[in-house]
Each structure stands twice: as C-alpha cells, then as structure tokens.
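Engineer: Take a look at this one; I'll ask things after.
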Number of protein chains: 2
Amino acid sequence: MLDDRKAAILSAVVQEYIATAQPVGSTHVAHAPGVGVSSATVRNEMAVLEQEGFLAQPHTSAGRVPTDKGYRFFVDHLGRPGQADALTTRQVGEFFQAAHGRLEEMLHHTSDLLTQLTRNAAVVVGPKVAEVPIRSAQIVRLSSTAATVVFVFANGSVDNEVIEIADDVSDASLAAATVHLSTHLGDRVLGSASVPDTGDHATDDLCRLALDVMVGHGTDEEPAYVGGVSTMAEAFDAVEVVRQVLHTLEQQFVVVSLVRDIVDRGMSVAIGVEHGVEPLSACSVVVAPVVVDGEHVGSVGVLGPTRMNYPQALATVDIVSDQLGRRLGDG
Amino acid sequence: MLDDRKAAILSAVVQEYIATAQPVGSTHVAHAPGVGVSSATVRNEMAVLEQEGFLAQPHTSAGRVPTDKGYRFFVDHLGRPGQADALTTRQVGEFFQAAHGRLEEMLHHTSDLLTQLTRNAAVVVGPKVAEVPIRSAQIVRLSSTAATVVFVFANGSVDNEVIEIADDVSDASLAAATVHLSTHLGDRVLGSASVPDTGDHATDDLCRLALDVMVGHGTDEEPAYVGGVSTMAEAFDAVEVVRQVLHTLEQQFVVVSLVRDIVDRGMSVAIGVEHGVEPLSACSVVVAPVVVDGEHVGSVGVLGPTRMNYPQALATVDIVSDQLGRRLGDG
DNA sequence: CGTTAGCACTCGGTAGGATCGACTGCCAAG
DNA sequence: CTTGGCAGTCGATCCTACCGAGTGCTAACG
C-alpha cells in the first residue's frame, strides 16, 4: 500500500508527534533514522501522504499531523508488536505475585496498574456473572419483610440482591429455599438456571423470586473498573473535550459496551472514530481479552488520546491480560 | 462581628460571584437589593471588608472576590438554612420511592442524584461493615485450595474475601465452620467478633482464618461512591488544578477520610483549606450525616469549587441524607 | 528521472503599543 | 456619615509588526 520510504516517513511523523504533540515538519523527518533523504524529498512524499489521507496539516504553514488512517497504518504495519520492556514486565510480575483477595479488588487494582504503566486511563472489565458457574446460593433474612439473596460464583465473586418477602414467611421456609437452591444450582450458570418445584408453596415462591431477581439484575452486567481518568485532563487542551470524555467515562455501561464491542470484533486497537462512540472520537482504545482455559472471561484496555504510544500500550495490555488470565486460572 | 450593612454587602458579593464567577464591583453591589447606599459607600465598606479578610482583589483595578473567610461568614450567618426547592424535593422523593435493590447500588445512584441536583461532584460514604451486625457467615469452597468467606450484614450489604485453605480440608470442616460462625456471630459486629473453640482443630483454624481475613480487610474501610467528577473539568480554568482535583478524587480513601473528618468535627461545610486536603484547597465540601435510628451509618456530600451555591448544596445534601436515612431505616 | 538546493510565500505565535473600560481610592461638598 | 466627582490603575482587547517554522515550486544536478 505504501512504499518503504513513505512508510518510514509516516512512521517518523507518528512517533515524533506522539512524543511531542507538535506538528512535525519535513526537516525533523529528514533527520530521523531510517529516512536517508533530504527535507525536500520528504516534503514531496508528505504531500502525497496527505492527499492519500494519512497525514493532515492543521494549517498551511505548519507541519504534518497523523490522521486516524495514519495511526491505523502505523499500528498495522509499523509499530512492531514488541515485548514490554523489562521494567514493565517486572512490575506486572510483582503485582500479580502479590495480588490476592477478592476478584473485584484485584480487577480494580489492575486498572490502577495499567494507568500507572501507560499514563492513560485504563479499563478492566470482569466476567459476566451470568456466565460463571454458581457455587452456592443463600437467602438471609434481614427483617420481617426483607431478605438478601447471596450467590457465590466459582471465580470467587459474590453477588447479592435484596428482596421483599411477605410478613409470614418463616425462617424454615428461608432455610428450605436456601437448601433447595444450593442443591439444584451447583455448577449451573445463572443464564440457564432453574429449579424444580418442591411442592411447598412458600419455598417455591422464594426460590422463584430469588432466581428472578438475580437473573433480572445480573444477566447482562459486567463489572467494570475505570482508572486514571485524571490523566485525561492533560491529554487534551480543549476543556470541552475533556469534559465530554470524562462524562462519558463516568457512564460505566458505555465503557463496557465499548470495550466489549472492540473485543467482539476481534480488534485490539480502535482509533478515533473507529469505535463509534462519538464523544470519544478524540480517543483511541487498546484492548486485550483475558482468557482462562480458553474462555474469554474479561477484558483489559487502555484509553487515551489518538496520539498515544500504541506499541507500548499494546505490549502492556498484552502482558497484563496474559498475567491476569494466569492469575485467575490458578485462583 | 459585622454590622448589617457590611453583611449585606458581603452577601451581595458572594451571591454575585457565585452566579457569575467574575469579580464584582461596587456598582453592582450598590444596585443589589438590601443595599440602599451608593457605590461610593460600598467602596468604603468593601475596603474595610478586604482589610478584615473577607474579600480580596485579584488585582488593583478589579472588583472583589470573597475569600474563604468571606464564604465562611456567608454560610454561617447569611445563607439562610433554607428548604430545598419544590422541584428538588419532588425529585428526591421520587428517587427514594423508586430506589430498591442492593445497598451498594442505591448509594451509587444516590451520588448520581446529588451530582444531577447540584451540578457538582458528589460523595456518598456507606457504613463501615465493621459496625453493622452480622446476619450470616458462610464459607464456600472454590477449589481444592481456595474458598471464599461471605458475611451478610443486617443492612443487606455483603462482604466477602477469598482465603487459601489446605489441600486436605474437607467439605465437612467447611460446613462445620460455617455453622459454627453463623451460630456465634449472629447480631454481633465484626469489631467485637470472636468465636469459642469447638475443639475440632480444622474447624477452629477455618473460623479463625475467616474472621481474621474479614476483620483485617474490612475493619476500617467504608464503601464510597464518588460521582460527577466530570463537572470539575469546568469548575476551574487552570488545567493543573483540574488534574490535581481529579487525581485526588480518584483516591477513594482520601475522599472517605476527608468526609469522615468533616462529619466527625461536627461541621457541615468545609471551605477551601479548612478541610486540610491540600490538593483540594480550591474546593469546598458540604456534607451531612446519614442517620438511622440515631446511629450514624454514613454520609453524603457535595464537592465543588469554593465558589459554589452553598444554600442550595446544604439544602440538597440535607434532604438527601434525611431521605436516605429513612429509606435505610425501613429496609 | 528522481533527488536536492534554493527561494518565495504562508501563516500562526509572540511582542510591543495604544486604547478601552471596569474598577478603585480619595476628596470635597452635601 | 454619605455621596458625587475625579484621577488613577491595570487587565483585557485589538492592532501591527515581525519572526520563524514550514511549505510548494522550480531549476539544477548526478
């Protein structure tokens, strides 16, 4: 698609722009390693690259800036997949070595880790509870008219929901329902969960209510942890853009579906408008699935301005998702 | 401390500045209702107010801006406590009417509500789990070497922690420990939790481990929900301030201890440096405790620039904390 | 024929200067 | 004590000149 020299020039522009955030001129590019021609030649080539949509000029007498298409070519053909550097590898290793405790906490801390490593916002999406085998179900009375339903899942996560119960429901019924649910749900998943009738009216009602409320509540929700949003404040100089981005990142479901969508499309990088979330069109997203035993149980991602360090982000996201998968695997 | 006229002038300056974010001049103040004197007189008075530290001048030929001390006097003596307006009252009422489900979710949504009503960041701090009576304890096996400990508390919240167990721990031991814990912990609180030995080594070990891990993890943590951070992007024009504020708000424990500290000191408003968190010295915090049956079970708060609408924030925070308390009371 | 040096040109960014206007402080009169 | 009047201050705005980074074009060069 692009000859070697154009590719080298594009690469130089992208890297320089990522480093400085300033439009880059022909002279800089000419001096870049791998480009052994004069600035005049570079200018000619850059004019072509601009016509073909890889570069843009903020204004007539400024240097060139990569377009989304330019970044796309860069990540597809130029940013060599690359290993994370030694320091990153070590930090990630140490992190997961020390990681312990609840799933939610670990995912939360993972997003902090990614933020720290990439200096960008980070997203970690956990497994849908609806797809994880149930290990235990329990109904606990809170008051005469309220109880809480607690499900424990095989990955150690716990979900609960409060239900209202009739005044005359006895403790015995609650206990019976707990036993009944636990017996029949073991190792099933919420999505396909159902229990046979016992014949006892009160118990059956409780079981149905408990299941309904858990399914209704948890079916399509995936826990998401977004960290490092404060880095966005510096990423853009337009206040309005910052506000929009922050506002969007506050809406958890938007972020989740954004990440899910990219992963589902088999992509690992979505640049600018590619991800289709309009308020984030100045942002790129780098994601990687978290895989345990061949199962896709979550995703990790980095979100930053389109002018972000793609090779580093890719390498970091890869190593983190890999190690997170291993860690979850031997939980 | 201040005669009526000075107070009226200060009040006018504060209100005008809150509304416009511009330094306010003597002419504006002279025209304000309640100030029946000429601009010249106002100037004289403002000079005094400045000397006494209630007002400041950004530069010689600009209008006056309230200082932290000025805001303090305003909230203490001028911003009449005030009822929330009808719309707010209605919205809050409807919100808690419709609110249901898990405590965590309700608190989260409450912070969104506060953000929407006050157009500022909002903080909701839930009860320390260590202080809520335990309703149930359960140990559930996850794998041959891992289990999760689940505690259900009287307010419907659930906390869990993953523990490692020896390879040879039997299901029977887990069940025994579960029963033992539940029997002895019912209606106790984590802070004072302990269970007698059973004599069975494996069971006792499990019980001790489960208690330790829950106490060690949950003792001093209070769940906090921070919403509306994107509003901070517009509150300040200095990018650096925005970044600092956002960064600070991302550190949950800072926010929690900030709110807790203010509530503990019996204050409802902390202005600028009063709260002692340096990176937030451009911010004020308005808080109210959430009380259920005379017990302080949490706090709600609003965080914004010192130039915020204190009367509205106070009224809103009050009504929300009140209604939240009621809602939790009849849960 | 591709490459390169040279050159005229463009245009954003910065600096200096004038002007404007929203203030203030002060003073003298009411 | 209050107030109208007035001189003075100083940021904000606008203009202009200018600089310089960077471009496109052209003509020479290997």
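Residues are referred to by chain and number: the chain letter is A, B, ... according to the order shown in the structure tokens, the number counts from 1 in that chain, and ligands are numbered separately from 1 in the order shown.
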Near region 6-20 of chain D, counting only C-alpha atoms (C1' of nucleotides), which residues have an atom at most 8 Å away, once you skip same-chain residues fewer than 6 positions from it, shown as a ChimeraX atom specification?
Structural biologist: /B:59-61 /C:20,24
Engineer: Please save C-alpha atoms (C1' of nucleotides) of the selected residues as a PDB file, in the first residue's frame.
Structural biologist:
ATOM      1  CA  HIS B  59      -5.610  42.928  41.125  1.00  0.00           C
ATOM      2  CA  THR B  60      -5.811  46.609  41.898  1.00  0.00           C
ATOM      3  CA  SER B  61      -8.396  47.683  39.398  1.00  0.00           C
TER       4      SER B  61
ATOM      5  C1'  DC C  20     -10.833  50.782  26.443  1.00  0.00           C
ATOM      6  C1'  DT C  24     -10.713  51.668  42.871  1.00  0.00           C
TER       7       DT C  24
END
Engineer: Using only C-alpha atoms, find the residues of chain A whose closest atom to chain B is at most 6 Å away, then write them as number ranges by chain.
Structural biologist: A: 101-102, 142, 154, 161-162, 230, 233, 243, 246-247
Engineer: Please dump the current selection as a JSON list (two decimals), in the first residue's frame; keep all heavy atoms.
Structural biologist:
[["chain", "number", "residue", "atom", "x", "y", "z"],
["A", 101, "GLY", "N", -6.89, -11.81, 47.38],
["A", 101, "GLY", "CA", -8.16, -11.29, 47.86],
["A", 101, "GLY", "C", -9.25, -11.34, 46.82],
["A", 101, "GLY", "O", -9.22, -12.14, 45.91],
["A", 102, "ARG", "N", -10.20, -10.48, 47.00],
["A", 102, "ARG", "CA", -11.40, -10.53, 46.19],
["A", 102, "ARG", "C", -11.14, -10.20, 44.74],
["A", 102, "ARG", "O", -10.31, -9.35, 44.41],
["A", 102, "ARG", "CB", -12.42, -9.55, 46.75],
["A", 102, "ARG", "CG", -12.90, -9.95, 48.11],
["A", 102, "ARG", "CD", -14.06, -9.13, 48.47],
["A", 102, "ARG", "NE", -13.70, -7.71, 48.49],
["A", 102, "ARG", "CZ", -14.59, -6.76, 48.50],
["A", 102, "ARG", "NH1", -15.87, -7.05, 48.43],
["A", 102, "ARG", "NH2", -14.22, -5.50, 48.57],
["A", 142, "LEU", "N", -33.24, -10.28, 56.62],
["A", 142, "LEU", "CA", -32.74, -9.01, 57.16],
["A", 142, "LEU", "C", -33.72, -8.43, 58.15],
["A", 142, "LEU", "O", -33.35, -7.85, 59.16],
["A", 142, "LEU", "CB", -32.52, -8.00, 56.02],
["A", 142, "LEU", "CG", -31.47, -8.39, 54.97],
["A", 142, "LEU", "CD1", -31.45, -7.35, 53.86],
["A", 142, "LEU", "CD2", -30.10, -8.52, 55.61],
["A", 154, "ALA", "N", -18.09, -19.47, 41.02],
["A", 154, "ALA", "CA", -16.88, -20.29, 41.05],
["A", 154, "ALA", "C", -15.60, -19.47, 41.00],
["A", 154, "ALA", "O", -14.55, -19.91, 41.46],
["A", 154, "ALA", "CB", -16.91, -21.28, 39.89],
["A", 161, "GLU", "N", -28.65, -9.50, 46.12],
["A", 161, "GLU", "CA", -29.77, -8.62, 45.79],
["A", 161, "GLU", "C", -30.77, -8.71, 46.93],
["A", 161, "GLU", "O", -30.97, -9.79, 47.51],
["A", 161, "GLU", "CB", -30.39, -9.09, 44.47],
["A", 161, "GLU", "CG", -31.37, -8.13, 43.86],
["A", 161, "GLU", "CD", -30.67, -6.89, 43.29],
["A", 161, "GLU", "OE1", -29.47, -6.97, 42.97],
["A", 161, "GLU", "OE2", -31.32, -5.85, 43.20],
["A", 162, "VAL", "N", -31.35, -7.57, 47.25],
["A", 162, "VAL", "CA", -32.32, -7.57, 48.34],
["A", 162, "VAL", "C", -33.71, -7.88, 47.79],
["A", 162, "VAL", "O", -34.07, -7.40, 46.71],
["A", 162, "VAL", "CB", -32.34, -6.20, 49.03],
["A", 162, "VAL", "CG1", -33.43, -6.15, 50.09],
["A", 162, "VAL", "CG2", -30.98, -5.90, 49.65],
["A", 230, "SER", "N", -8.01, 10.98, 35.59],
["A", 230, "SER", "CA", -7.39, 12.30, 35.75],
["A", 230, "SER", "C", -6.33, 12.56, 34.68],
["A", 230, "SER", "O", -6.03, 13.70, 34.39],
["A", 230, "SER", "CB", -6.78, 12.45, 37.15],
["A", 230, "SER", "OG", -5.73, 11.55, 37.33],
["A", 233, "ALA", "N", -7.27, 14.87, 31.78],
["A", 233, "ALA", "CA", -7.28, 16.32, 31.93],
["A", 233, "ALA", "C", -6.11, 16.95, 31.20],
["A", 233, "ALA", "O", -6.19, 18.08, 30.72],
["A", 233, "ALA", "CB", -7.26, 16.72, 33.40],
["A", 243, "ARG", "N", -14.19, 17.56, 29.27],
["A", 243, "ARG", "CA", -15.43, 17.36, 29.98],
["A", 243, "ARG", "C", -16.25, 16.22, 29.36],
["A", 243, "ARG", "O", -16.76, 15.34, 30.05],
["A", 243, "ARG", "CB", -16.26, 18.64, 29.98],
["A", 243, "ARG", "CG", -17.16, 18.80, 31.20],
["A", 243, "ARG", "CD", -18.25, 19.78, 30.89],
["A", 243, "ARG", "NE", -19.01, 19.34, 29.73],
["A", 243, "ARG", "CZ", -19.94, 18.38, 29.78],
["A", 243, "ARG", "NH1", -20.22, 17.78, 30.91],
["A", 243, "ARG", "NH2", -20.58, 18.03, 28.68],
["A", 246, "LEU", "N", -14.58, 12.84, 30.11],
["A", 246, "LEU", "CA", -14.78, 12.44, 31.50],
["A", 246, "LEU", "C", -16.22, 12.01, 31.72],
["A", 246, "LEU", "O", -16.49, 11.00, 32.37],
["A", 246, "LEU", "CB", -14.45, 13.62, 32.42],
["A", 246, "LEU", "CG", -12.98, 14.00, 32.52],
["A", 246, "LEU", "CD1", -12.81, 15.19, 33.46],
["A", 246, "LEU", "CD2", -12.16, 12.83, 33.01],
["A", 247, "HIS", "N", -17.12, 12.79, 31.18],
["A", 247, "HIS", "CA", -18.53, 12.47, 31.38],
["A", 247, "HIS", "C", -18.85, 11.09, 30.80],
["A", 247, "HIS", "O", -19.56, 10.29, 31.41],
["A", 247, "HIS", "CB", -19.40, 13.53, 30.72],
["A", 247, "HIS", "CG", -20.85, 13.36, 30.97],
["A", 247, "HIS", "ND1", -21.43, 13.62, 32.19],
["A", 247, "HIS", "CD2", -21.85, 12.90, 30.19],
["A", 247, "HIS", "CE1", -22.71, 13.36, 32.14],
["A", 247, "HIS", "NE2", -23.01, 12.92, 30.92]]
Engineer: At a cut-off of 7 Å, can you tabulate as a tab-separated table every residue of region 65-135 of chain A near region 288-304 of chain A together with its closest atom pair and the distance in Å to one decimal, using only C-alpha atoms and ordering rows by chain then number?
Structural biologist:
residue	atom	partner	partner_atom	distance
A:Asn120	CA	A:Gly304	CA	5.4
A:Ala121	CA	A:Leu303	CA	5.1
A:Ala122	CA	A:Val302	CA	4.4
A:Val123	CA	A:Gly301	CA	5.0
A:Val124	CA	A:Val300	CA	4.4
A:Val125	CA	A:Ser299	CA	5.1
A:Gly126	CA	A:Gly298	CA	4.7
A:Pro127	CA	A:Val297	CA	4.8
Engineer: Using backbone DSSP assignments, extract all strand (DSSP E) residues from region 123-325 of chain B; output them as a PyMOL selection string.
Structural biologist: chain B and resi 123-125+134-141+146-153+158-164+224-227+269-271+283-292+295-305
Engineer: Show which residues sit within 7 Å of Glu131 (chain A), as JSON, numbers by chain. Count only C-alpha atoms (C1' of nucleotides), and ignore same-chain residues fewer than 5 positions away.
Structural biologist: {"A": [189, 190, 191]}
Engineer: Using only C-alpha atoms (C1' of nucleotides), which residues of chain D come within 8 Å of chain A, and what is the closest atom pair for each, with the distance in Å to one decimal? Give it as a tab-separated table, sorted by chain and residue number.
Structural biologist:
residue	atom	partner	partner_atom	distance
D:DA21	C1'	A:Ala62	CA	7.3
D:DG22	C1'	A:Ser61	CA	5.3
D:DT23	C1'	A:Ser61	CA	5.8
Engineer: Could those residues be written to a file, using N, CA and C atoms (P, O5', C5', C4', C3', O3' and C1' of nucleotides), as a PDB file, in the first residue's frame?
Structural biologist:
ATOM      1  P    DA D  21      12.714  28.381  13.614  1.00  0.00           P
ATOM      2  O5'  DA D  21      11.749  27.121  13.573  1.00  0.00           O
ATOM      3  C5'  DA D  21      10.500  27.189  14.256  1.00  0.00           C
ATOM      4  C4'  DA D  21       9.424  26.617  13.375  1.00  0.00           C
ATOM      5  C3'  DA D  21       9.889  25.430  12.523  1.00  0.00           C
ATOM      6  O3'  DA D  21       8.887  24.432  12.548  1.00  0.00           O
ATOM      7  C1'  DA D  21       8.964  27.095  11.136  1.00  0.00           C
ATOM      8  P    DG D  22       9.204  23.062  11.904  1.00  0.00           P
ATOM      9  O5'  DG D  22       8.464  23.201  10.522  1.00  0.00           O
ATOM     10  C5'  DG D  22       7.074  23.490  10.520  1.00  0.00           C
ATOM     11  C4'  DG D  22       6.638  23.752   9.105  1.00  0.00           C
ATOM     12  C3'  DG D  22       7.275  22.796   8.088  1.00  0.00           C
ATOM     13  O3'  DG D  22       6.292  22.089   7.366  1.00  0.00           O
ATOM     14  C1'  DG D  22       7.394  25.036   7.361  1.00  0.00           C
ATOM     15  P    DT D  23       6.719  21.085   6.187  1.00  0.00           P
ATOM     16  O5'  DT D  23       5.910  21.684   4.963  1.00  0.00           O
ATOM     17  C5'  DT D  23       4.612  22.232   5.182  1.00  0.00           C
ATOM     18  C4'  DT D  23       4.269  23.115   3.992  1.00  0.00           C
ATOM     19  C3'  DT D  23       4.517  22.440   2.652  1.00  0.00           C
ATOM     20  O3'  DT D  23       3.292  22.241   1.958  1.00  0.00           O
ATOM     21  C1'  DT D  23       5.506  24.638   2.728  1.00  0.00           C
TER      22       DT D  23
END
Engineer: Counting only C-alpha atoms (C1' of nucleotides), a student should be able to say which residues of chain C come within 9 Å of chain A; what is the right answer, written as a ChimeraX atom specification?
Structural biologist: /C:3-5,10-12
